[in-house]
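Colleague: Here you go, this is work36.csv (CSV, C-alpha atoms).
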```
chain,number,residue,atom,x,y,z
V,1,MET,CA,6.3,17.7,-27.9
V,2,PHE,CA,7.0,17.6,-24.2
V,3,VAL,CA,9.9,19.6,-22.7
V,4,THR,CA,10.1,17.7,-19.5
V,5,PRO,CA,12.5,19.0,-16.9
V,6,SER,CA,15.0,16.6,-15.5
V,7,GLN,CA,14.3,15.2,-12.0
V,8,ALA,CA,15.4,17.8,-9.5
V,9,SER,CA,17.9,16.9,-6.9
V,10,PRO,CA,17.3,18.0,-3.3
V,11,SER,CA,19.6,21.0,-3.8
V,12,THR,CA,18.0,22.2,-7.0
V,13,PRO,CA,15.5,25.0,-6.6
V,14,ILE,CA,12.0,24.2,-7.8
V,15,ARG,CA,10.9,27.1,-10.1
V,16,VAL,CA,7.2,28.0,-9.4
V,17,ALA,CA,4.8,30.2,-11.3
V,18,ILE,CA,1.5,31.3,-9.8
V,19,VAL,CA,-1.4,31.7,-12.3
V,20,GLY,CA,-4.4,33.7,-11.0
V,21,THR,CA,-3.6,36.3,-8.3
V,22,GLY,CA,-6.9,36.4,-6.5
V,23,ALA,CA,-7.9,35.4,-3.0
V,24,ILE,CA,-6.9,31.7,-3.2
V,25,ALA,CA,-3.5,32.6,-4.4
V,26,ARG,CA,-2.9,35.2,-1.8
V,27,GLY,CA,-4.6,33.3,1.1
V,28,SER,CA,-3.4,29.8,0.4
V,29,HIS,CA,-0.9,29.2,-2.4
V,30,LEU,CA,1.5,32.0,-1.5
V,31,PRO,CA,1.6,31.2,2.2
V,32,ALA,CA,2.2,27.5,1.5
V,33,LEU,CA,5.0,28.3,-1.0
V,34,ARG,CA,6.6,30.6,1.5
V,35,ALA,CA,6.5,28.0,4.3
V,36,LEU,CA,8.0,25.3,2.1
V,37,ALA,CA,10.7,27.7,0.8
V,38,ALA,CA,11.9,27.8,4.3
V,39,GLU,CA,12.4,24.0,4.2
V,40,GLN,CA,13.8,23.4,0.7
V,41,PRO,CA,15.2,25.2,-2.4
V,42,LEU,CA,12.1,26.8,-4.0
V,43,GLU,CA,11.7,30.0,-6.0
V,44,ILE,CA,8.7,31.9,-7.2
V,45,VAL,CA,9.7,33.0,-10.6
V,46,ALA,CA,6.5,34.5,-12.0
V,47,ALA,CA,2.9,35.3,-11.5
V,48,VAL,CA,0.2,35.6,-14.2
V,49,ASP,CA,-3.2,37.4,-14.3
V,50,VAL,CA,-5.2,39.1,-16.9
V,51,ASP,CA,-5.4,42.1,-14.6
V,52,ALA,CA,-2.0,43.9,-15.0
V,53,ALA,CA,-2.4,45.9,-11.8
V,54,SER,CA,-3.4,42.9,-9.8
V,55,VAL,CA,-0.4,40.8,-10.9
V,56,GLU,CA,2.0,43.6,-10.4
V,57,ALA,CA,0.7,44.3,-6.9
V,58,PHE,CA,0.9,40.5,-6.2
V,59,CYS,CA,4.5,40.3,-7.2
V,60,ALA,CA,5.4,43.4,-5.2
V,61,ASP,CA,3.6,42.1,-2.1
V,62,ALA,CA,5.2,38.7,-2.5
V,63,GLY,CA,8.6,40.2,-3.0
V,64,ALA,CA,9.3,37.7,-5.8
V,65,GLY,CA,8.5,36.8,-9.3
V,66,SER,CA,8.0,38.7,-12.6
V,67,PRO,CA,4.5,39.8,-13.5
V,68,TYR,CA,2.8,38.6,-16.7
V,69,THR,CA,-0.6,39.0,-18.3
V,70,ASP,CA,0.1,36.2,-20.9
V,71,LEU,CA,0.5,32.6,-19.8
V,72,ASP,CA,2.2,31.4,-23.0
V,73,LEU,CA,4.8,34.2,-22.8
V,74,MET,CA,5.5,33.4,-19.2
V,75,LEU,CA,5.9,29.7,-19.9
V,76,ALA,CA,8.3,30.4,-22.8
V,77,GLU,CA,10.4,32.9,-20.9
V,78,GLN,CA,10.5,31.4,-17.4
V,79,ARG,CA,10.3,27.6,-18.0
V,80,PRO,CA,8.8,26.9,-14.5
V,81,ASP,CA,9.0,23.4,-13.0
V,82,LEU,CA,5.6,23.9,-11.3
V,83,VAL,CA,2.5,26.0,-12.1
V,84,THR,CA,-0.2,26.6,-9.5
V,85,LEU,CA,-3.6,27.5,-10.9
V,86,GLY,CA,-6.0,29.6,-8.9
V,87,THR,CA,-8.2,30.7,-11.9
V,88,PRO,CA,-11.9,30.0,-12.5
V,89,PRO,CA,-12.7,26.4,-13.5
V,90,ARG,CA,-13.6,27.3,-17.1
V,91,PHE,CA,-9.9,28.1,-17.8
V,92,HIS,CA,-8.4,25.1,-16.1
V,93,ARG,CA,-8.3,22.8,-19.1
V,94,ASP,CA,-6.5,25.1,-21.5
V,95,GLN,CA,-4.2,26.5,-18.9
V,96,THR,CA,-3.2,23.1,-17.5
V,97,ILE,CA,-2.6,21.6,-21.0
V,98,ALA,CA,-0.5,24.6,-22.0
V,99,SER,CA,1.6,24.3,-18.8
V,100,LEU,CA,2.0,20.5,-19.2
V,101,ARG,CA,3.2,20.9,-22.8
V,102,ALA,CA,5.7,23.5,-21.7
V,103,GLY,CA,7.1,20.8,-19.3
V,104,ALA,CA,5.7,22.1,-16.1
V,105,TRP,CA,3.9,20.1,-13.5
V,106,VAL,CA,0.5,21.6,-12.5
V,107,TRP,CA,-1.3,22.0,-9.1
V,108,CYS,CA,-4.8,23.1,-10.0
V,109,GLU,CA,-7.5,24.4,-7.6
V,110,LYS,CA,-10.8,22.6,-7.4
V,111,PRO,CA,-13.2,22.3,-9.0
V,112,PRO,CA,-10.8,20.6,-11.4
V,113,CYS,CA,-12.6,21.4,-14.7
V,114,PRO,CA,-16.2,21.6,-15.9
V,115,SER,CA,-16.5,18.0,-17.3
V,116,LEU,CA,-15.0,14.6,-17.4
V,117,GLU,CA,-14.2,15.2,-21.1
V,118,ASP,CA,-12.0,18.1,-20.0
V,119,PHE,CA,-10.3,16.1,-17.3
V,120,ASP,CA,-9.5,13.3,-19.7
V,121,ALA,CA,-8.0,15.8,-22.2
V,122,ILE,CA,-5.8,17.1,-19.4
V,123,GLU,CA,-4.7,13.5,-18.5
V,124,ALA,CA,-3.9,12.8,-22.1
V,125,ALA,CA,-1.6,15.8,-22.2
V,126,GLU,CA,0.5,14.6,-19.3
V,127,GLY,CA,4.0,13.3,-20.0
V,128,PRO,CA,4.7,9.7,-20.6
V,129,GLU,CA,5.3,7.4,-17.6
V,130,PRO,CA,7.5,7.7,-15.7
V,131,GLY,CA,8.5,11.2,-14.8
V,132,GLY,CA,5.6,13.4,-15.9
V,133,PRO,CA,4.9,16.2,-16.1
V,134,TYR,CA,1.7,15.6,-14.1
V,135,ALA,CA,-1.4,17.6,-13.2
V,136,ALA,CA,-2.7,17.3,-9.6
V,137,ILE,CA,-5.9,18.7,-8.1
V,138,VAL,CA,-6.0,20.7,-4.9
V,139,PHE,CA,-7.8,18.3,-2.5
V,140,GLN,CA,-6.1,19.4,0.7
V,141,HIS,CA,-8.7,17.8,3.0
V,142,ARG,CA,-7.4,14.3,2.3
V,143,PHE,CA,-3.9,15.4,3.7
V,144,GLY,CA,-2.7,15.8,7.3
V,145,SER,CA,-2.2,13.5,10.2
V,146,GLY,CA,-5.8,12.9,11.0
V,147,ALA,CA,-6.8,11.7,7.6
V,148,ASP,CA,-3.6,9.6,7.4
V,149,HIS,CA,-4.3,7.9,10.7
V,150,VAL,CA,-7.9,7.1,9.9
V,151,ARG,CA,-7.1,6.0,6.4
V,152,ALA,CA,-4.6,3.5,7.8
V,153,LEU,CA,-7.1,2.2,10.4
V,154,LEU,CA,-9.7,1.6,7.7
V,155,ALA,CA,-7.3,0.0,5.3
V,156,GLU,CA,-6.3,-2.5,8.0
V,157,GLN,CA,-9.9,-2.9,9.1
V,158,ALA,CA,-8.6,-2.3,12.6
V,159,MET,CA,-12.1,-1.2,13.7
V,160,GLY,CA,-13.7,-3.9,11.6
V,161,ARG,CA,-15.5,-3.5,8.3
V,162,PRO,CA,-16.9,0.0,7.5
V,163,LEU,CA,-20.6,-0.3,7.2
V,164,VAL,CA,-22.5,3.0,7.2
V,165,ALA,CA,-21.2,6.5,6.3
V,166,HIS,CA,-22.4,10.1,6.2
V,167,CYS,CA,-20.8,12.9,4.3
V,168,GLN,CA,-22.1,16.4,4.9
V,169,THR,CA,-21.2,19.8,3.5
V,170,THR,CA,-24.0,22.1,4.8
V,171,TRP,CA,-22.9,25.7,4.3
V,172,TYR,CA,-24.6,29.0,3.8
V,173,ARG,CA,-24.4,31.4,0.9
V,174,ASP,CA,-26.6,34.5,0.7
V,175,GLU,CA,-27.8,36.6,-2.2
V,176,ALA,CA,-24.7,38.7,-2.1
V,177,TYR,CA,-22.6,35.6,-2.9
V,178,TYR,CA,-24.7,35.0,-6.0
V,179,SER,CA,-24.7,38.7,-7.1
V,180,VAL,CA,-21.2,38.0,-8.5
V,181,LEU,CA,-22.1,37.2,-12.1
V,182,TRP,CA,-20.0,34.1,-12.6
V,183,ARG,CA,-21.5,32.3,-9.7
V,184,GLY,CA,-24.4,29.9,-10.0
V,185,ARG,CA,-23.7,29.3,-13.7
V,186,TRP,CA,-22.5,26.0,-15.2
V,187,SER,CA,-20.0,27.6,-17.6
V,188,THR,CA,-18.2,29.7,-15.0
V,189,GLU,CA,-18.7,28.2,-11.5
V,190,GLY,CA,-18.7,24.6,-12.8
V,191,GLY,CA,-21.7,23.5,-10.8
V,192,GLY,CA,-23.5,24.2,-7.6
V,193,PRO,CA,-22.6,23.0,-4.0
V,194,SER,CA,-22.1,19.4,-5.2
V,195,MET,CA,-19.2,20.6,-7.4
V,196,GLY,CA,-17.9,23.8,-5.8
V,197,HIS,CA,-18.4,23.2,-2.1
V,198,GLY,CA,-19.1,19.5,-1.2
V,199,ILE,CA,-16.4,18.0,-3.5
V,200,HIS,CA,-13.8,18.4,-0.8
V,201,GLN,CA,-15.7,16.2,1.7
V,202,MET,CA,-16.7,13.7,-1.0
V,203,ASP,CA,-13.1,13.5,-2.1
V,204,LEU,CA,-12.0,12.7,1.5
V,205,LEU,CA,-14.8,10.1,1.8
V,206,LEU,CA,-13.6,8.4,-1.4
V,207,ASP,CA,-10.0,8.6,-0.2
V,208,LEU,CA,-11.0,6.8,3.1
V,209,LEU,CA,-13.4,4.2,1.7
V,210,GLY,CA,-12.1,3.5,-1.7
V,211,PRO,CA,-14.1,3.1,-5.0
V,212,TRP,CA,-17.9,3.6,-5.1
V,213,SER,CA,-20.2,1.4,-7.2
V,214,GLU,CA,-23.6,3.1,-7.5
V,215,ILE,CA,-25.4,6.3,-6.7
V,216,ARG,CA,-28.9,7.7,-6.5
V,217,ALA,CA,-29.6,11.4,-6.0
V,218,MET,CA,-31.9,14.4,-5.9
V,219,ALA,CA,-31.1,18.1,-6.5
V,220,GLY,CA,-33.1,21.2,-6.1
V,221,ARG,CA,-33.2,25.0,-6.3
V,222,LEU,CA,-35.0,25.8,-3.1
V,223,VAL,CA,-33.9,29.4,-2.6
V,224,HIS,CA,-31.5,30.9,-5.1
V,225,ASP,CA,-32.4,31.9,-8.7
V,226,VAL,CA,-29.4,30.2,-10.4
V,227,GLU,CA,-28.7,27.7,-13.2
V,228,THR,CA,-27.2,25.1,-10.9
V,229,GLU,CA,-28.6,23.5,-7.8
V,230,ASP,CA,-28.4,25.0,-4.3
V,231,VAL,CA,-28.9,21.6,-2.5
V,232,SER,CA,-28.3,18.0,-3.3
V,233,THR,CA,-28.7,14.7,-1.5
V,234,ALA,CA,-27.4,11.3,-2.5
V,235,LEU,CA,-27.2,7.6,-1.5
V,236,VAL,CA,-23.9,6.0,-2.5
V,237,ARG,CA,-22.9,2.3,-2.3
V,238,PHE,CA,-19.2,1.5,-2.2
V,239,GLU,CA,-17.4,-1.5,-3.6
V,240,ASN,CA,-16.7,-2.7,-0.1
V,241,GLY,CA,-20.4,-2.7,0.7
V,242,THR,CA,-20.5,0.5,2.8
V,243,MET,CA,-23.7,2.5,2.3
V,244,ALA,CA,-23.4,6.3,2.5
V,245,THR,CA,-25.6,9.4,2.6
V,246,VAL,CA,-24.2,12.6,1.0
V,247,VAL,CA,-25.7,16.1,1.6
V,248,ASN,CA,-24.4,19.3,-0.1
V,249,SER,CA,-26.1,22.6,0.7
V,250,VAL,CA,-25.6,26.3,0.6
V,251,LEU,CA,-28.8,26.9,2.5
V,252,SER,CA,-27.7,26.0,6.0
V,253,PRO,CA,-27.0,28.8,8.6
V,254,ASP,CA,-25.4,26.4,11.0
V,255,GLU,CA,-22.4,25.6,8.8
V,256,VAL,CA,-20.5,22.3,9.2
V,257,SER,CA,-18.4,19.9,7.2
V,258,ARG,CA,-18.7,16.3,8.6
V,259,ILE,CA,-17.8,12.8,7.8
V,260,ARG,CA,-18.9,9.8,9.9
V,261,ILE,CA,-18.1,6.2,9.3
V,262,ASP,CA,-19.6,3.4,11.4
V,263,CYS,CA,-17.5,0.3,11.5
V,264,GLU,CA,-18.1,-3.0,13.2
V,265,ARG,CA,-16.1,-2.1,16.3
V,266,ALA,CA,-16.1,1.8,16.3
V,267,THR,CA,-17.5,5.0,14.9
V,268,VAL,CA,-15.0,7.5,13.5
V,269,GLU,CA,-16.3,11.1,13.0
V,270,LEU,CA,-14.7,14.3,11.6
V,271,THR,CA,-16.5,17.6,12.4
V,272,HIS,CA,-15.0,20.9,11.1
V,273,LEU,CA,-15.7,23.6,8.5
V,274,TYR,CA,-12.8,24.5,6.2
V,275,GLY,CA,-9.9,22.4,7.5
V,276,HIS,CA,-9.2,19.9,10.2
V,277,ARG,CA,-6.7,19.0,12.9
V,278,ASN,CA,-6.3,15.9,15.1
V,279,ALA,CA,-8.7,17.3,17.7
V,280,ASP,CA,-11.5,17.5,15.1
V,281,TRP,CA,-11.6,13.7,14.8
V,282,ARG,CA,-13.5,11.5,17.3
V,283,ILE,CA,-13.4,7.7,17.7
V,284,THR,CA,-16.2,6.0,19.7
V,285,PRO,CA,-15.7,2.3,20.4
V,286,ALA,CA,-18.4,-0.3,20.4
V,287,PRO,CA,-19.4,-2.1,23.6
V,288,GLY,CA,-16.8,-4.7,24.5
V,289,VAL,CA,-13.8,-3.0,23.0
V,290,SER,CA,-10.9,-2.8,25.5
V,291,PRO,CA,-9.7,0.6,26.8
V,292,GLU,CA,-6.2,-0.3,25.6
V,293,GLN,CA,-7.5,-0.8,22.0
V,294,THR,CA,-9.5,2.5,22.2
V,295,VAL,CA,-6.4,4.4,23.3
V,296,ALA,CA,-4.4,3.0,20.4
V,297,TRP,CA,-7.1,4.0,17.9
V,298,ARG,CA,-7.2,7.5,19.4
V,299,ASP,CA,-3.4,8.0,19.1
V,300,PHE,CA,-3.2,10.3,16.0
V,301,GLY,CA,0.5,11.2,16.6
V,302,ALA,CA,1.9,14.7,15.9
V,303,ASP,CA,-0.7,17.1,14.7
V,304,VAL,CA,-0.4,18.0,11.1
V,305,PRO,CA,-3.4,20.0,10.0
V,306,SER,CA,-5.0,19.5,6.6
V,307,SER,CA,-3.8,22.3,4.4
V,308,HIS,CA,-2.5,23.5,1.1
V,309,GLU,CA,0.9,23.3,2.7
V,310,ALA,CA,0.6,19.6,3.6
V,311,GLN,CA,-0.5,18.6,0.1
V,312,LEU,CA,2.1,20.8,-1.6
V,313,ARG,CA,4.9,19.4,0.5
V,314,GLY,CA,4.1,15.9,-0.8
V,315,LEU,CA,3.7,17.1,-4.4
V,316,LEU,CA,7.1,18.8,-4.3
V,317,ALA,CA,8.7,15.6,-3.1
V,318,ASP,CA,7.0,13.7,-5.9
V,319,LEU,CA,8.2,16.3,-8.4
V,320,ARG,CA,11.8,15.8,-7.3
V,321,ALA,CA,11.4,12.1,-7.5
V,322,GLY,CA,9.7,12.1,-10.8
V,323,ARG,CA,6.7,10.0,-9.6
V,324,ARG,CA,3.0,10.6,-10.0
V,325,PRO,CA,1.5,12.6,-7.1
V,326,ARG,CA,-1.7,11.9,-5.3
V,327,SER,CA,-4.9,13.5,-6.6
V,328,SER,CA,-3.6,13.3,-10.2
V,329,GLY,CA,-4.6,11.0,-13.0
V,330,ALA,CA,-7.2,8.3,-12.0
V,331,ASP,CA,-6.8,9.3,-8.4
V,332,GLY,CA,-7.8,12.9,-9.1
V,333,ARG,CA,-10.6,11.9,-11.5
V,334,THR,CA,-12.6,9.8,-9.1
V,335,SER,CA,-14.2,12.8,-7.2
V,336,LEU,CA,-15.2,14.5,-10.5
V,337,GLU,CA,-16.7,11.2,-11.7
V,338,LEU,CA,-18.8,10.9,-8.5
V,339,VAL,CA,-20.0,14.5,-8.9
V,340,ALA,CA,-21.0,13.9,-12.6
V,341,ALA,CA,-22.8,10.7,-11.6
V,342,LEU,CA,-24.6,12.6,-8.8
V,343,TYR,CA,-25.9,15.1,-11.3
V,344,LYS,CA,-26.9,12.4,-13.8
V,345,ALA,CA,-28.7,10.5,-11.1
V,346,ALA,CA,-30.5,13.6,-9.8
V,347,PHE,CA,-31.5,15.0,-13.2
V,348,THR,CA,-32.6,11.6,-14.7
V,349,GLY,CA,-34.0,9.9,-11.6
V,350,ASN,CA,-32.0,6.8,-12.5
V,351,THR,CA,-29.3,4.9,-10.5
V,352,VAL,CA,-25.9,5.6,-12.0
V,353,ARG,CA,-23.1,3.1,-11.8
V,354,ALA,CA,-19.3,3.7,-11.6
V,355,GLY,CA,-17.7,3.8,-15.0
V,356,GLU,CA,-21.0,4.4,-16.9
V,357,ILE,CA,-20.4,8.0,-18.0
V,358,GLY,CA,-18.1,8.0,-21.0
V,359,PRO,CA,-17.8,9.5,-24.5
V,360,GLY,CA,-21.2,9.9,-26.0
V,361,ASP,CA,-23.0,10.3,-22.7
V,362,PRO,CA,-24.3,13.9,-22.3
V,363,TYR,CA,-23.0,14.0,-18.8
V,364,TYR,CA,-19.5,13.3,-20.0
V,365,SER,CA,-19.2,16.6,-21.8
V,366,ALA,CA,-21.3,18.7,-19.5
V,367,LEU,CA,-22.2,18.2,-15.8
V,368,HIS,CA,-25.8,19.4,-16.5
V,369,GLY,CA,-26.1,16.8,-19.2
V,370,ASN,CA,-28.3,19.1,-21.3
V,371,ALA,CA,-31.2,18.1,-18.9
V,372,PRO,CA,-34.4,20.0,-19.4
V,373,GLY,CA,-34.8,22.6,-16.6
V,374,TRP,CA,-31.2,22.4,-15.7
V,375,ALA,CA,-29.1,23.0,-18.8
V,376,PRO,CA,-28.5,26.7,-19.6
V,377,GLU,CA,-31.1,28.3,-21.8
V,378,PRO,CA,-29.9,28.5,-25.5
V,379,ALA,CA,-28.6,31.9,-26.5
V,380,GLY,CA,-31.4,34.0,-28.0
V,381,SER,CA,-34.2,32.0,-26.3
V,382,GLY,CA,-35.4,35.1,-24.5
V,383,ALA,CA,-35.4,33.2,-21.2
```
How would this structure read if it were set down as structure tokens?
Modeller:
Amino acid sequence: MFVTPSQASPSTPIRVAIVGTGAIARGSHLPALRALAAEQPLEIVAAVDVDAASVEAFCADAGAGSPYTDLDLMLAEQRPDLVTLGTPPRFHRDQTIASLRAGAWVWCEKPPCPSLEDFDAIEAAEGPEPGGPYAAIVFQHRFGSGADHVRALLAEQAMGRPLVAHCQTTWYRDEAYYSVLWRGRWSTEGGGPSMGHGIHQMDLLLDLLGPWSEIRAMAGRLVHDVETEDVSTALVRFENGTMATVVNSVLSPDEVSRIRIDCERATVELTHLYGHRNADWRITPAPGVSPEQTVAWRDFGADVPSSHEAQLRGLLADLRAGRRPRSSGADGRTSLELVAALYKAAFTGNTVRAGEIGPGDPYYSALHGNAPGWAPEPAGSGA
């Protein structure tokens, strides 16, 4: 049975619990919560981690919240309105469902969970419409003034129809990165760069261009001795006809994150690494476009960087209003579905169409799809 909190008025403090007190909680979740607490009633009531020393130090450093090593106990005693999850992906399903059933909304770090089956179980555990509780995924790159402005231009077809797109996440991870035992494994990292790194830019591309219709792909292990891939490439066709290339790599010393969309009347391009501001976007008009029109397209307004803070501000407003937040439900699932389809296309050599991966499909319950040469070796195989 759901224990759904009543919709909070603007003067009611939102009670927040932080689960997982590692680098993402310290470097992103906590600063965002502190910034927003200066704008609105908000209180960090608890933090949870399996490492007692870590969670106690976290609460001491934050100057707020009671430390716990047991999620269920914290949920029962503190009754938070919102739980932020910064734990490894293999824990996301159970921790999210436990929090939803306790009446808390959830803001969960990417990768969302290791399979579409897990995501659908989470969505099934959400509260009845309307009011929630809901679970949203941290996809902060689709937030901020730059993404908002370009999304509006594309939706209005102000620059004409989008025709060609490129989505690039080419980063570099060395052997030291993979010396951490949980990395490079399907069960613990959730996937390779397609899942753990490139999903942010792919999510932004989907947010800008809308639904995709089909994908073809390749994946490889070119350098690292891991279960997952260390590079993937894909060709994606969107429902609106746009044709896109996607590259995800951890083999690229000159690191960059990039999205480029060529429309009939202009090219819009975003070049950054881990977050973007207005200045990271560039619009190049086609010949014949008037200077006045170009100036209007390039007016991004006040600079609001993409960030955890920008996304969380909107989520808190949705929580107070009792409405479904962005990057939850079907809107949050679309990026994971594209990643699953990329893996299926790469490992089978077949074109995969949107909506094709469902119950009974091996790629529904595991992103590796039990594909020979890619699925983890069975226990006791000696491999």
Colleague: For CA of Ala47 in chain V and CA of Pro114 in chain V, determine how far apart the two atoms are, in Å to one decimal place.
Modeller: 23.9 Å
Colleague: I'd like the neighbourhood of Ile97 in chain V as an mmCIF file with C-alpha atoms, keeping the file's coordinate frame, where a residue qualifies if any of its atoms comes within 10 Å (using only C-alpha atoms), though same-chain residues fewer than 2 positions away should be ignored.
Modeller:
```cif
data_model
loop_
_atom_site.group_PDB
_atom_site.id
_atom_site.type_symbol
_atom_site.label_atom_id
_atom_site.label_comp_id
_atom_site.auth_asym_id
_atom_site.auth_seq_id
_atom_site.Cartn_x
_atom_site.Cartn_y
_atom_site.Cartn_z
ATOM 1 C CA HIS V 92 -8.400 25.100 -16.100
ATOM 2 C CA ARG V 93 -8.300 22.800 -19.100
ATOM 3 C CA ASP V 94 -6.500 25.100 -21.500
ATOM 4 C CA GLN V 95 -4.200 26.500 -18.900
ATOM 5 C CA SER V 99 1.600 24.300 -18.800
ATOM 6 C CA LEU V 100 2.000 20.500 -19.200
ATOM 7 C CA ARG V 101 3.200 20.900 -22.800
ATOM 8 C CA ALA V 102 5.700 23.500 -21.700
ATOM 9 C CA GLY V 103 7.100 20.800 -19.300
ATOM 10 C CA ALA V 104 5.700 22.100 -16.100
ATOM 11 C CA VAL V 106 0.500 21.600 -12.500
ATOM 12 C CA ALA V 121 -8.000 15.800 -22.200
ATOM 13 C CA ILE V 122 -5.800 17.100 -19.400
ATOM 14 C CA GLU V 123 -4.700 13.500 -18.500
ATOM 15 C CA ALA V 124 -3.900 12.800 -22.100
ATOM 16 C CA ALA V 125 -1.600 15.800 -22.200
ATOM 17 C CA GLU V 126 0.500 14.600 -19.300
ATOM 18 C CA ALA V 135 -1.400 17.600 -13.200
#
```
Colleague: One decimal, in Å: what's the spacing between CA of Arg353 in chain V and CA of Asn370 in chain V?
Modeller: 19.3 Å
Colleague: Rank nothing, just name the residue among V:Pro285, V:Gly27, V:Pro41, V:Pro376 nearest to Ser11 in chain V, using all atoms listed in the file.
Modeller: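 Result for the nearest residue to Ser11 in chain V: V:Pro41.
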Colleague: Using all atoms listed in the file, which residues sit within 9 Å of Leu342 in chain V once same-chain residues fewer than 2 positions away are excluded, as a ChimeraX atom specification?
Modeller: /V:194,215-219,232-234,337-340,344-347,352
Colleague: What residues have an atom no more than 6 Å from (-28.4, 24.2, -5.6) in the file's own frame, counting all atoms listed in the file, and can you write them as a list of chain:residue names?
Modeller: V:Gly192, V:Gly220, V:Arg221, V:Thr228, V:Glu229, V:Asp230, V:Val231
Colleague: Report as a VMD selection string all protein, DNA and RNA residues lying within 6 Å of Leu85 in chain V, evaluated on all atoms listed in the file, omitting residues in the same chain fewer than 4 positions from it.
Modeller: chain V and resid 19 108 to 109
Colleague: Using all atoms listed in the file, which of V:Asp207, V:Glu292, V:Asp72, V:Asp174 sits nearest Ala147 in chain V?
Modeller: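 With all atoms listed in the file as the atom set, the closest residue is V:Asp207.
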Colleague: List the neighbours of Arg298 in chain V out to 7 Å using only C-alpha atoms; skip same-chain residues closer than 3 positions along the sequence, and give me the result as a ChimeraX atom specification.
Modeller: /V:283,294-295
Colleague: Could you please determine the separation between CA of Arg265 in chain V and CA of Thr242 in chain V in Å, to one decimal place?
Modeller: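 Between these atoms lies a distance of 14.4 Å.
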Colleague: Tell me which of V:Arg90, V:Arg151, V:Arg173, V:His197 sits closest to Val247 in chain V, counting all atoms listed in the file.
Modeller: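 The closest residue to Val247 in chain V is V:His197.
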Colleague: Smallest atom-to-atom distance to Trp374 in chain V: which of V:Thr348, V:Thr271, V:Asp49, V:Ser54, using all atoms listed in the file?
Modeller: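 The shortest atom-to-atom distance to Trp374 in chain V comes from V:Thr348.
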Colleague: Considering all atoms listed in the file, state which residue in the set V:Gln168, V:Thr284, V:Leu316, V:Phe238 is at the smallest distance from Ala37 in chain V.
Modeller: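 Smallest distance to Ala37 in chain V is found for V:Leu316.
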Colleague: Using all atoms listed in the file, which residues sit within 10 Å of Asp254 in chain V once same-chain residues fewer than 6 positions away are excluded, as number ranges by chain?
Modeller: V: 170-172
Colleague: Of the residues V:Ala266, V:Val226, V:Leu206, V:Leu36, which is the one nearest to Phe139 in chain V, using all atoms listed in the file?
Modeller: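 Nearest to Phe139 in chain V: V:Leu206.
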